[in-house]
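So this block is input-v5.cif, mmCIF, C-alpha atoms and all ligand atoms:
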```cif
data_entry
#
loop_
_atom_site.label_atom_id
_atom_site.label_comp_id
_atom_site.auth_asym_id
_atom_site.auth_seq_id
_atom_site.Cartn_x
_atom_site.Cartn_y
_atom_site.Cartn_z
CA MET A 1364 117.59 119.21 91.85
CA PRO A 1365 115.43 119.55 94.97
CA LEU A 1366 113.46 116.30 95.17
CA MET A 1367 110.27 118.13 96.04
CA GLY A 1368 108.74 120.80 93.83
CA LEU A 1369 105.46 122.45 92.93
CA GLY A 1370 103.85 121.53 89.60
CA VAL A 1371 101.85 124.37 88.06
CA PHE A 1372 99.95 122.59 85.28
CA ALA A 1373 96.36 123.94 85.11
CA LEU A 1374 97.20 126.99 87.22
CA SER A 1375 96.26 129.15 84.27
CA ASP A 1376 94.78 132.05 86.19
CA GLU A 1377 97.66 134.45 86.82
CA SER A 1378 96.77 135.50 90.36
CA GLU A 1379 96.00 131.90 91.37
CA CYS A 1380 99.35 130.73 89.99
CA ILE A 1381 101.28 133.53 91.73
CA ALA A 1382 99.47 132.87 95.03
CA ALA A 1383 100.24 129.13 94.80
CA ILE A 1384 103.94 129.77 94.14
CA HIS A 1385 104.19 132.26 96.99
CA ALA A 1386 102.48 129.82 99.36
CA ALA A 1387 104.97 127.17 98.22
CA ILE A 1388 108.02 129.40 98.64
CA ASP A 1389 106.83 130.44 102.11
CA CYS A 1390 106.81 126.83 103.29
CA GLY A 1391 110.15 125.88 101.77
CA TYR A 1392 109.60 124.80 98.17
CA ARG A 1393 112.43 125.97 95.92
CA HIS A 1394 111.58 123.96 92.80
CA ILE A 1395 108.84 124.94 90.33
CA ASP A 1396 107.81 122.83 87.33
CA THR A 1397 106.13 124.59 84.43
CA ALA A 1398 106.02 124.17 80.63
CA ARG A 1399 105.50 126.39 77.64
CA ILE A 1400 102.24 124.57 76.86
CA TYR A 1401 100.82 125.36 80.35
CA GLY A 1402 100.62 129.01 79.29
CA ASN A 1403 101.69 130.30 82.70
CA GLU A 1404 105.41 131.01 82.32
CA GLU A 1405 104.75 134.75 82.67
CA ALA A 1406 102.89 134.21 85.92
CA VAL A 1407 105.72 132.00 87.19
CA GLY A 1408 108.19 134.76 86.25
CA LYS A 1409 106.18 137.39 88.12
CA ALA A 1410 105.89 135.15 91.15
CA MET A 1411 109.66 134.54 91.17
CA GLN A 1412 110.44 138.25 90.87
CA ALA A 1413 108.24 139.08 93.83
CA CYS A 1414 109.04 136.12 96.09
CA GLY A 1415 112.06 137.60 97.85
CA VAL A 1416 114.24 134.50 97.40
CA ASP A 1417 117.57 134.71 95.57
CA ARG A 1418 117.55 133.31 92.06
CA GLY A 1419 120.40 130.97 92.96
CA GLU A 1420 118.22 129.19 95.54
CA LEU A 1421 115.43 128.50 93.06
CA PHE A 1422 115.20 125.58 90.64
CA ILE A 1423 113.00 126.30 87.63
CA THR A 1424 112.04 123.72 85.02
CA THR A 1425 110.24 124.37 81.77
CA LYS A 1426 109.70 122.23 78.69
CA LEU A 1427 109.95 122.28 74.92
CA TRP A 1428 106.55 121.58 73.35
CA THR A 1429 106.18 119.37 70.28
CA ASP A 1430 105.25 122.28 67.96
CA ASP A 1431 108.69 123.75 68.57
CA PHE A 1432 110.84 120.79 67.55
CA GLY A 1433 113.56 121.70 65.06
CA ARG A 1434 116.70 123.77 65.11
CA GLU A 1435 115.59 127.41 64.93
CA THR A 1436 112.23 126.77 66.55
CA THR A 1437 113.79 125.12 69.61
CA ARG A 1438 116.12 128.04 70.20
CA ARG A 1439 113.27 130.50 69.70
CA ALA A 1440 111.00 128.59 72.08
CA ALA A 1441 113.67 128.36 74.79
CA GLU A 1442 114.48 132.07 74.47
CA GLU A 1443 110.79 132.89 74.66
CA SER A 1444 110.46 130.76 77.81
CA LEU A 1445 113.45 132.58 79.36
CA ARG A 1446 111.88 135.94 78.50
CA LYS A 1447 108.49 135.03 79.93
CA LEU A 1448 110.04 133.57 83.05
CA GLU A 1449 112.22 136.71 83.39
CA LEU A 1450 115.27 134.49 83.82
CA ASP A 1451 118.73 134.53 82.31
CA TYR A 1452 119.09 130.79 82.70
CA LEU A 1453 116.82 127.75 83.18
CA ASP A 1454 117.79 125.13 85.74
CA LEU A 1455 116.27 122.32 83.72
CA TYR A 1456 114.87 122.24 80.19
CA LEU A 1457 113.00 119.11 79.12
CA ILE A 1458 111.78 117.69 75.84
CA HIS A 1459 108.10 117.46 76.86
CA TRP A 1460 107.10 114.55 74.58
CA PRO A 1461 109.06 112.23 72.31
CA MET A 1462 108.50 113.00 68.64
CA ARG A 1463 109.23 110.98 65.54
CA GLU A 1464 111.14 113.76 63.82
CA ARG A 1465 113.58 116.53 64.60
CA THR A 1466 114.47 115.24 68.09
CA GLU A 1467 118.16 115.20 67.20
CA GLU A 1468 118.10 118.83 66.04
CA SER A 1469 116.25 119.97 69.17
CA TRP A 1470 118.60 118.05 71.46
CA GLU A 1471 121.65 119.57 69.75
CA VAL A 1472 120.25 123.07 70.23
CA MET A 1473 119.51 122.29 73.89
CA GLN A 1474 123.10 121.07 74.30
CA ALA A 1475 124.41 124.24 72.65
CA MET A 1476 122.26 126.49 74.86
CA ARG A 1477 123.48 124.58 77.91
CA ASP A 1478 127.08 125.13 76.80
CA GLU A 1479 126.31 128.84 76.28
CA GLY A 1480 125.06 129.04 79.90
CA MET A 1481 121.34 129.62 79.19
CA ILE A 1482 120.36 126.21 80.55
CA ARG A 1483 121.98 124.36 83.45
CA SER A 1484 120.68 120.86 82.69
CA ILE A 1485 118.78 119.21 79.87
CA GLY A 1486 116.48 116.22 79.98
CA VAL A 1487 113.38 114.52 78.63
CA SER A 1488 109.84 113.63 79.66
CA ASN A 1489 107.56 110.73 78.75
CA PHE A 1490 110.41 108.64 77.36
CA THR A 1491 110.01 104.86 77.67
CA CYS A 1492 112.87 102.30 77.49
CA ARG A 1493 111.83 101.70 73.90
CA ARG A 1494 112.08 105.39 72.97
CA PHE A 1495 115.52 105.61 74.55
CA GLU A 1496 116.82 102.48 72.86
CA GLU A 1497 115.16 102.70 69.45
CA GLN A 1498 115.59 106.40 68.94
CA PHE A 1499 117.24 108.66 71.49
CA PHE A 1500 120.50 106.81 72.13
CA LYS A 1501 120.88 106.11 68.43
CA GLN A 1502 121.18 109.87 67.95
CA THR A 1503 123.23 111.00 70.94
CA ASP A 1504 125.76 109.78 73.48
CA GLU A 1505 124.68 112.32 76.06
CA ILE A 1506 122.67 110.99 78.98
CA PRO A 1507 119.69 113.26 79.76
CA ALA A 1508 119.82 114.56 83.34
CA VAL A 1509 116.16 113.73 84.00
CA ASN A 1510 113.24 111.68 82.66
CA GLN A 1511 109.96 113.12 83.94
CA ILE A 1512 107.25 110.44 83.84
CA GLU A 1513 103.84 109.82 85.33
CA ARG A 1514 104.50 107.88 88.51
CA HIS A 1515 102.61 107.09 91.74
CA PRO A 1516 101.96 103.89 93.70
CA PHE A 1517 99.42 102.63 91.15
CA ARG A 1518 101.79 103.11 88.23
CA THR A 1519 105.44 102.63 89.14
CA HIS A 1520 107.10 101.56 85.84
CA PRO A 1521 109.73 99.40 87.60
CA GLU A 1522 111.49 98.45 84.37
CA LEU A 1523 111.79 102.05 83.21
CA VAL A 1524 112.95 103.24 86.63
CA ASP A 1525 115.66 100.52 86.70
CA TYR A 1526 116.70 101.46 83.17
CA CYS A 1527 117.00 105.15 84.10
CA ARG A 1528 118.96 104.32 87.26
CA GLU A 1529 121.39 102.17 85.34
CA LYS A 1530 121.97 105.00 82.87
CA GLY A 1531 122.26 107.63 85.61
CA ILE A 1532 119.05 109.45 84.62
CA GLN A 1533 117.19 111.03 87.54
CA VAL A 1534 113.52 109.99 87.53
CA GLU A 1535 111.01 112.71 88.33
CA ALA A 1536 107.38 111.79 89.02
CA TYR A 1537 104.62 113.86 87.49
CA SER A 1538 101.01 113.42 88.65
CA PRO A 1539 102.49 111.89 91.84
CA LEU A 1540 99.04 112.05 93.49
CA ASP A 1541 97.42 110.31 90.51
CA ARG A 1542 95.70 113.68 89.94
CA GLY A 1543 93.94 113.32 93.30
CA GLN A 1544 91.81 110.46 92.02
CA ARG A 1545 92.60 107.72 94.50
CA LEU A 1546 93.32 109.45 97.76
CA GLN A 1547 90.59 107.32 99.37
CA ASP A 1548 92.21 104.01 98.46
CA PRO A 1549 91.79 101.67 101.50
CA ASP A 1550 95.48 100.63 101.62
CA LEU A 1551 96.59 104.25 101.47
CA LEU A 1552 94.05 105.19 104.15
CA GLN A 1553 95.35 102.44 106.41
CA LEU A 1554 98.94 103.63 106.08
CA ALA A 1555 97.89 107.25 106.51
CA GLU A 1556 96.24 106.33 109.79
CA LYS A 1557 99.28 104.35 110.95
CA TYR A 1558 101.74 107.18 110.27
CA GLU A 1559 99.29 109.95 111.24
CA LYS A 1560 99.71 111.51 107.81
CA SER A 1561 97.44 112.16 104.86
CA THR A 1562 97.20 109.73 101.95
CA ALA A 1563 98.78 112.44 99.77
CA GLN A 1564 101.79 112.59 102.11
CA ILE A 1565 102.11 108.78 102.00
CA MET A 1566 102.08 108.83 98.18
CA LEU A 1567 104.76 111.53 98.03
CA ARG A 1568 107.00 110.12 100.76
CA TYR A 1569 106.90 106.72 99.01
CA GLN A 1570 108.69 108.25 96.03
CA LEU A 1571 111.16 110.34 98.02
CA GLN A 1572 112.36 107.19 99.79
CA GLN A 1573 113.21 105.85 96.32
CA GLN A 1574 115.13 109.04 95.48
CA ILE A 1575 112.48 109.97 92.93
CA ALA A 1576 111.58 113.65 92.64
CA VAL A 1577 107.92 114.68 93.07
CA ILE A 1578 106.12 117.75 91.74
CA PRO A 1579 102.56 117.69 93.15
CA LYS A 1580 100.23 120.42 91.92
CA SER A 1581 97.84 122.23 94.18
CA ALA A 1582 96.03 125.54 94.05
CA SER A 1583 95.33 125.45 97.78
CA ALA A 1584 97.82 126.96 100.23
CA ASP A 1585 96.81 124.40 102.87
CA ARG A 1586 97.38 121.45 100.54
CA ILE A 1587 100.65 122.96 99.27
CA ARG A 1588 101.84 123.07 102.89
CA GLU A 1589 100.56 119.55 103.55
CA ASN A 1590 102.41 118.21 100.51
CA ALA A 1591 105.68 119.66 101.80
CA LYS A 1592 105.56 117.96 105.21
CA LEU A 1593 107.37 114.86 104.09
CA PHE A 1594 110.61 114.93 106.02
CA ASP A 1595 109.52 114.08 109.56
CA PHE A 1596 108.59 110.44 109.07
CA GLU A 1597 109.83 107.31 107.36
CA ILE A 1598 107.79 104.53 105.79
CA SER A 1599 109.03 101.11 106.94
CA ARG A 1600 110.43 98.63 104.46
CA GLN A 1601 107.39 96.40 104.87
CA ASP A 1602 104.99 99.28 104.21
CA MET A 1603 107.04 100.31 101.17
CA GLN A 1604 106.40 96.78 99.88
CA THR A 1605 102.66 97.21 100.53
CA LEU A 1606 102.80 100.36 98.42
CA ASP A 1607 104.85 98.61 95.71
CA ALA A 1608 102.09 96.00 95.52
CA LEU A 1609 99.53 98.67 94.56
CA ASP A 1610 101.17 98.93 91.13
CA GLU A 1611 98.67 97.89 88.48
CA GLY A 1612 101.36 97.14 85.90
CA VAL A 1613 99.83 99.42 83.30
CA ALA A 1614 101.41 102.10 81.18
CA SER A 1615 100.63 105.76 81.64
CA PRO A 1616 97.25 106.55 80.01
CA ASN A 1617 99.15 109.21 78.08
CA TRP A 1618 101.22 106.46 76.45
CA SER A 1619 98.51 104.81 74.42
CA PRO A 1620 99.08 101.02 74.29
CA GLU A 1621 97.69 100.94 70.73
CA ASP A 1622 100.37 103.38 69.69
CA ASP A 1623 103.56 101.48 68.93
CA TRP A 1624 105.44 104.70 69.52
CA PHE A 1625 105.48 104.08 73.29
N1 LIG B 1701 105.70 116.07 81.68
C1 LIG B 1701 104.41 115.86 81.51
O1 LIG B 1701 103.94 115.37 80.46
C2 LIG B 1701 103.47 116.19 82.63
C3 LIG B 1701 102.14 115.73 82.59
C4 LIG B 1701 101.29 116.03 83.66
C5 LIG B 1701 101.77 116.78 84.74
N2 LIG B 1701 103.06 117.24 84.76
C6 LIG B 1701 103.59 118.04 85.90
O2 LIG B 1701 103.30 117.37 87.12
C7 LIG B 1701 102.57 118.23 87.99
C8 LIG B 1701 101.65 117.44 88.90
O3 LIG B 1701 100.79 116.59 88.16
P1 LIG B 1701 99.20 116.78 88.06
O4 LIG B 1701 98.88 118.22 88.21
O5 LIG B 1701 98.79 116.07 86.83
O6 LIG B 1701 98.59 115.92 89.24
P2 LIG B 1701 98.89 115.63 90.79
O7 LIG B 1701 99.90 116.55 91.35
O8 LIG B 1701 99.05 114.17 90.93
O9 LIG B 1701 97.45 115.97 91.43
C9 LIG B 1701 96.91 117.25 91.42
C10 LIG B 1701 95.47 117.14 91.95
O10 LIG B 1701 95.48 116.68 93.30
C11 LIG B 1701 94.86 117.65 94.17
N3 LIG B 1701 95.66 117.71 95.39
C12 LIG B 1701 96.92 118.19 95.53
N4 LIG B 1701 97.36 118.02 96.78
C13 LIG B 1701 96.35 117.43 97.47
C14 LIG B 1701 96.21 117.00 98.82
N5 LIG B 1701 97.18 117.14 99.71
N6 LIG B 1701 95.02 116.44 99.18
C15 LIG B 1701 94.01 116.29 98.28
N7 LIG B 1701 94.10 116.66 96.98
C16 LIG B 1701 95.27 117.22 96.59
C17 LIG B 1701 94.86 118.95 93.39
O11 LIG B 1701 93.74 119.73 93.71
P3 LIG B 1701 93.89 121.25 94.28
O12 LIG B 1701 94.66 122.03 93.26
O13 LIG B 1701 92.47 121.68 94.42
O14 LIG B 1701 94.61 121.13 95.59
C18 LIG B 1701 94.76 118.47 91.95
O15 LIG B 1701 93.41 118.21 91.60
C19 LIG B 1701 101.85 119.18 87.03
O16 LIG B 1701 101.39 120.35 87.67
C20 LIG B 1701 102.94 119.42 86.01
O17 LIG B 1701 103.87 120.36 86.50
C21 LIG B 1701 103.91 116.93 83.72
#
```
As structure tokens - that is how I would like this structure written.
Ligand SMILES: NC(=O)c1ccc[n+]([C@@H]2O[C@H](COP(=O)([O-])OP(=O)(O)OC[C@H]3O[C@@H](n4cnc5c(N)ncnc54)[C@H](OP(=O)(O)O)[C@@H]3O)[C@@H](O)[C@H]2O)c1
Amino acid sequence: MPLMGLGVFALSDESECIAAIHAAIDCGYRHIDTARIYGNEEAVGKAMQACGVDRGELFITTKLWTDDFGRETTRRAAEESLRKLELDYLDLYLIHWPMRERTEESWEVMQAMRDEGMIRSIGVSNFTCRRFEEQFFKQTDEIPAVNQIERHPFRTHPELVDYCREKGIQVEAYSPLDRGQRLQDPDLLQLAEKYEKSTAQIMLRYQLQQQIAVIPKSASADRIRENAKLFDFEISRQDMQTLDALDEGVASPNWSPEDDWF
């Protein structure tokens, strides 16, 4: 899996989504992260068809939404995603959210579709250590290829990352720019000045140096290019520790602390 990709959540306008993907492909991205619930798989498919890059070079992820859990519904949803994306296989198919019921059935269908060649790798998203231990690994022996979680310097989930590493699960960071909310943080600004980079580039490079995949979203060609310029500098060990210290030790806001599910 290429460690850097383009996230396309909220790129719901077809021409905007296609333009963003083409800008990304032009500056070297080969990995696109979408989901059935984003409603833009057709636009992603059109962009792929017209991008001029061989299918084999591209890495396309989509996700199974909670409404589609279950045996027949999972297969139908995955086939529908393939059709909309105009693909004959998915590189990565993720369970988008953990659910109380029918996870086992969905996972079995995903395994079967992988064995049939329609999916290359299968994984999960938004799974905590507790979900893995209390549910997932009670139902299957198969290690998911990926766990896609919210992660950025303010929310690093060290325990979960260690757990995934021990199991051999690749961690992939969604909202790696904290949705653009804290790009003016003084510590980030200081490091950006030191390395002559943007705060967004510091946030993304921080994760790459930990072998964590990043999928920043942008609708702007300039910012898409900026977010890809991550391979010509290295953050020192001391500055990595400064970034580690920004962690606020809180769970993802999507994983409600009142909800004993997470
Ligand atoms: N599995 C899940 O449950 C889940 C949940 C959320 C997201 N995701 C995935 O992760 C992807 C990324 O997460 P996200 O969209 O939530 O947030 P994000 O990538 O952390 O941040 C996106 C925001 O940052 C801005 N931005 C991007 N690059 C910038 C730069 N260089 N300088 C300044 N601002 C910049 C964007 O604005 P502009 O567009 O105007 O540039 C946008 O408002 C999604 O697209 C989706 O694929 C998965």
Using all atoms listed in the file, determine which residues lie at most 8 Å from A:Glu1468, disregarding the query and same-chain residues fewer than 6 positions distant; provide the list as a ChimeraX atom specification.
/A:1432-1434
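Minimum atom-to-atom distances from A:Lys1426, A:Arg1514, A:Arg1446, A:Arg1483 to A:Met1364 were compared using only C-alpha atoms, and the lowest value belongs to A:Arg1483.
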For ligand LIG 1701 (chain B), list the contacting residues at 9 Å or closer, counting all atoms listed in the file, as a ChimeraX atom specification.
/A:1368-1374,1395-1398,1401,1424-1426,1457-1460,1487-1489,1510-1515,1536-1544,1546,1561-1564,1577-1590,1617
Each side padded by 5 Å, which centre and which edge lengths in Å (one decimal) define the axis-aligned box around the listed atoms of stretch 1408-1424 of chain A? Give them as JSON.
```
{"center_x": 113.1, "center_y": 131.4, "center_z": 91.4, "size_x": 24.5, "size_y": 25.4, "size_z": 22.8}
```
For A:Leu1554, list every protein, DNA or RNA residue within 10 Å, evaluated using all atoms listed in the file, and leave out those in the same chain fewer than 3 positions away; present the list as a list in words.
Pro1549, Asp1550, Leu1551, Lys1557, Tyr1558, Glu1559, Lys1560, Ser1561, Thr1562, Ile1565, Met1566, Ile1598, Asp1602, Thr1605 and Leu1606 of chain A
For C-alpha atoms, I'd like the residues from the last selection saved as a PDB file, in the coordinates of the input.
```
ATOM      1  CA  PRO A1549      91.790 101.670 101.500  1.00  0.00           C
ATOM      2  CA  ASP A1550      95.480 100.630 101.620  1.00  0.00           C
ATOM      3  CA  LEU A1551      96.590 104.250 101.470  1.00  0.00           C
ATOM      4  CA  LYS A1557      99.280 104.350 110.950  1.00  0.00           C
ATOM      5  CA  TYR A1558     101.740 107.180 110.270  1.00  0.00           C
ATOM      6  CA  GLU A1559      99.290 109.950 111.240  1.00  0.00           C
ATOM      7  CA  LYS A1560      99.710 111.510 107.810  1.00  0.00           C
ATOM      8  CA  SER A1561      97.440 112.160 104.860  1.00  0.00           C
ATOM      9  CA  THR A1562      97.200 109.730 101.950  1.00  0.00           C
ATOM     10  CA  ILE A1565     102.110 108.780 102.000  1.00  0.00           C
ATOM     11  CA  MET A1566     102.080 108.830  98.180  1.00  0.00           C
ATOM     12  CA  ILE A1598     107.790 104.530 105.790  1.00  0.00           C
ATOM     13  CA  ASP A1602     104.990  99.280 104.210  1.00  0.00           C
ATOM     14  CA  THR A1605     102.660  97.210 100.530  1.00  0.00           C
ATOM     15  CA  LEU A1606     102.800 100.360  98.420  1.00  0.00           C
TER      16      LEU A1606
END
```
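For the set A:Pro1516, A:Gly1531, A:Gly1612, A:Gly1419, the residue with the smallest atom-to-atom gap to A:Gln1570 is A:Pro1516, counting all atoms listed in the file.
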Distance atom CA of A:Val1524-atom CA of A:Asp1595, one decimal place?
25.6 Å
Atom-to-atom span, atom CA of A:Asp1431 and atom CA of A:Gln1412, Å:
26.7 Å
How would you write as JSON, numbers by chain the residues that get within 12 Å of (114.1, 102.3, 86.7) in the file's frame, counting only C-alpha atoms?
{"A": [1490, 1491, 1492, 1509, 1510, 1511, 1512, 1514, 1519, 1520, 1521, 1522, 1523, 1524, 1525, 1526, 1527, 1528, 1529, 1530, 1531, 1532, 1533, 1534, 1535, 1536, 1573, 1574, 1575]}
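Interatomic distance, atom CA of A:Leu1450 to atom CA of A:Ala1475: 17.7 Å.
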With N, CA and C atoms as the atom set, please write stretch 1389-1407 of chain A from the structure just given, as a PDB file, in the first residue's frame.
```
ATOM      1  N   ASP A1389      -1.292  13.556 -11.243  1.00  0.00           N
ATOM      2  CA  ASP A1389      -0.242  14.303 -11.954  1.00  0.00           C
ATOM      3  C   ASP A1389       0.980  14.545 -11.081  1.00  0.00           C
ATOM      4  N   CYS A1390       0.789  14.638  -9.760  1.00  0.00           N
ATOM      5  CA  CYS A1390       1.978  14.889  -8.929  1.00  0.00           C
ATOM      6  C   CYS A1390       2.401  13.633  -8.161  1.00  0.00           C
ATOM      7  N   GLY A1391       1.957  12.482  -8.614  1.00  0.00           N
ATOM      8  CA  GLY A1391       2.548  11.239  -8.109  1.00  0.00           C
ATOM      9  C   GLY A1391       1.715  10.393  -7.178  1.00  0.00           C
ATOM     10  N   TYR A1392       0.538  10.873  -6.753  1.00  0.00           N
ATOM     11  CA  TYR A1392      -0.294  10.013  -5.898  1.00  0.00           C
ATOM     12  C   TYR A1392      -0.734   8.801  -6.734  1.00  0.00           C
ATOM     13  N   ARG A1393      -0.780   7.655  -6.090  1.00  0.00           N
ATOM     14  CA  ARG A1393      -1.295   6.455  -6.762  1.00  0.00           C
ATOM     15  C   ARG A1393      -2.348   5.754  -5.897  1.00  0.00           C
ATOM     16  N   HIS A1394      -2.677   6.364  -4.768  1.00  0.00           N
ATOM     17  CA  HIS A1394      -3.545   5.729  -3.783  1.00  0.00           C
ATOM     18  C   HIS A1394      -4.726   6.671  -3.515  1.00  0.00           C
ATOM     19  N   ILE A1395      -5.933   6.161  -3.703  1.00  0.00           N
ATOM     20  CA  ILE A1395      -7.149   6.961  -3.491  1.00  0.00           C
ATOM     21  C   ILE A1395      -8.026   6.243  -2.465  1.00  0.00           C
ATOM     22  N   ASP A1396      -8.505   7.019  -1.482  1.00  0.00           N
ATOM     23  CA  ASP A1396      -9.349   6.448  -0.425  1.00  0.00           C
ATOM     24  C   ASP A1396     -10.765   7.010  -0.543  1.00  0.00           C
ATOM     25  N   THR A1397     -11.715   6.124  -0.868  1.00  0.00           N
ATOM     26  CA  THR A1397     -13.102   6.545  -0.913  1.00  0.00           C
ATOM     27  C   THR A1397     -13.925   5.605  -0.028  1.00  0.00           C
ATOM     28  N   ALA A1398     -15.240   5.716  -0.090  1.00  0.00           N
ATOM     29  CA  ALA A1398     -16.141   4.841   0.667  1.00  0.00           C
ATOM     30  C   ALA A1398     -17.514   4.933   0.014  1.00  0.00           C
ATOM     31  N   ARG A1399     -18.252   3.870   0.148  1.00  0.00           N
ATOM     32  CA  ARG A1399     -19.608   3.871  -0.414  1.00  0.00           C
ATOM     33  C   ARG A1399     -20.418   5.056   0.123  1.00  0.00           C
ATOM     34  N   ILE A1400     -20.266   5.328   1.424  1.00  0.00           N
ATOM     35  CA  ILE A1400     -21.067   6.379   2.061  1.00  0.00           C
ATOM     36  C   ILE A1400     -20.666   7.792   1.576  1.00  0.00           C
ATOM     37  N   TYR A1401     -19.496   7.953   0.969  1.00  0.00           N
ATOM     38  CA  TYR A1401     -19.100   9.283   0.474  1.00  0.00           C
ATOM     39  C   TYR A1401     -19.883   9.665  -0.789  1.00  0.00           C
ATOM     40  N   GLY A1402     -20.490   8.652  -1.423  1.00  0.00           N
ATOM     41  CA  GLY A1402     -21.337   8.945  -2.591  1.00  0.00           C
ATOM     42  C   GLY A1402     -20.565   9.401  -3.816  1.00  0.00           C
ATOM     43  N   ASN A1403     -19.257   9.137  -3.851  1.00  0.00           N
ATOM     44  CA  ASN A1403     -18.495   9.608  -5.020  1.00  0.00           C
ATOM     45  C   ASN A1403     -17.713   8.495  -5.725  1.00  0.00           C
ATOM     46  N   GLU A1404     -18.132   7.238  -5.508  1.00  0.00           N
ATOM     47  CA  GLU A1404     -17.390   6.155  -6.167  1.00  0.00           C
ATOM     48  C   GLU A1404     -17.456   6.274  -7.697  1.00  0.00           C
ATOM     49  N   GLU A1405     -18.595   6.762  -8.210  1.00  0.00           N
ATOM     50  CA  GLU A1405     -18.698   6.885  -9.676  1.00  0.00           C
ATOM     51  C   GLU A1405     -17.708   7.933 -10.201  1.00  0.00           C
ATOM     52  N   ALA A1406     -17.609   9.025  -9.465  1.00  0.00           N
ATOM     53  CA  ALA A1406     -16.665  10.073  -9.873  1.00  0.00           C
ATOM     54  C   ALA A1406     -15.230   9.538  -9.798  1.00  0.00           C
ATOM     55  N   VAL A1407     -14.933   8.769  -8.759  1.00  0.00           N
ATOM     56  CA  VAL A1407     -13.583   8.186  -8.642  1.00  0.00           C
ATOM     57  C   VAL A1407     -13.335   7.261  -9.836  1.00  0.00           C
TER      58      VAL A1407
END
```
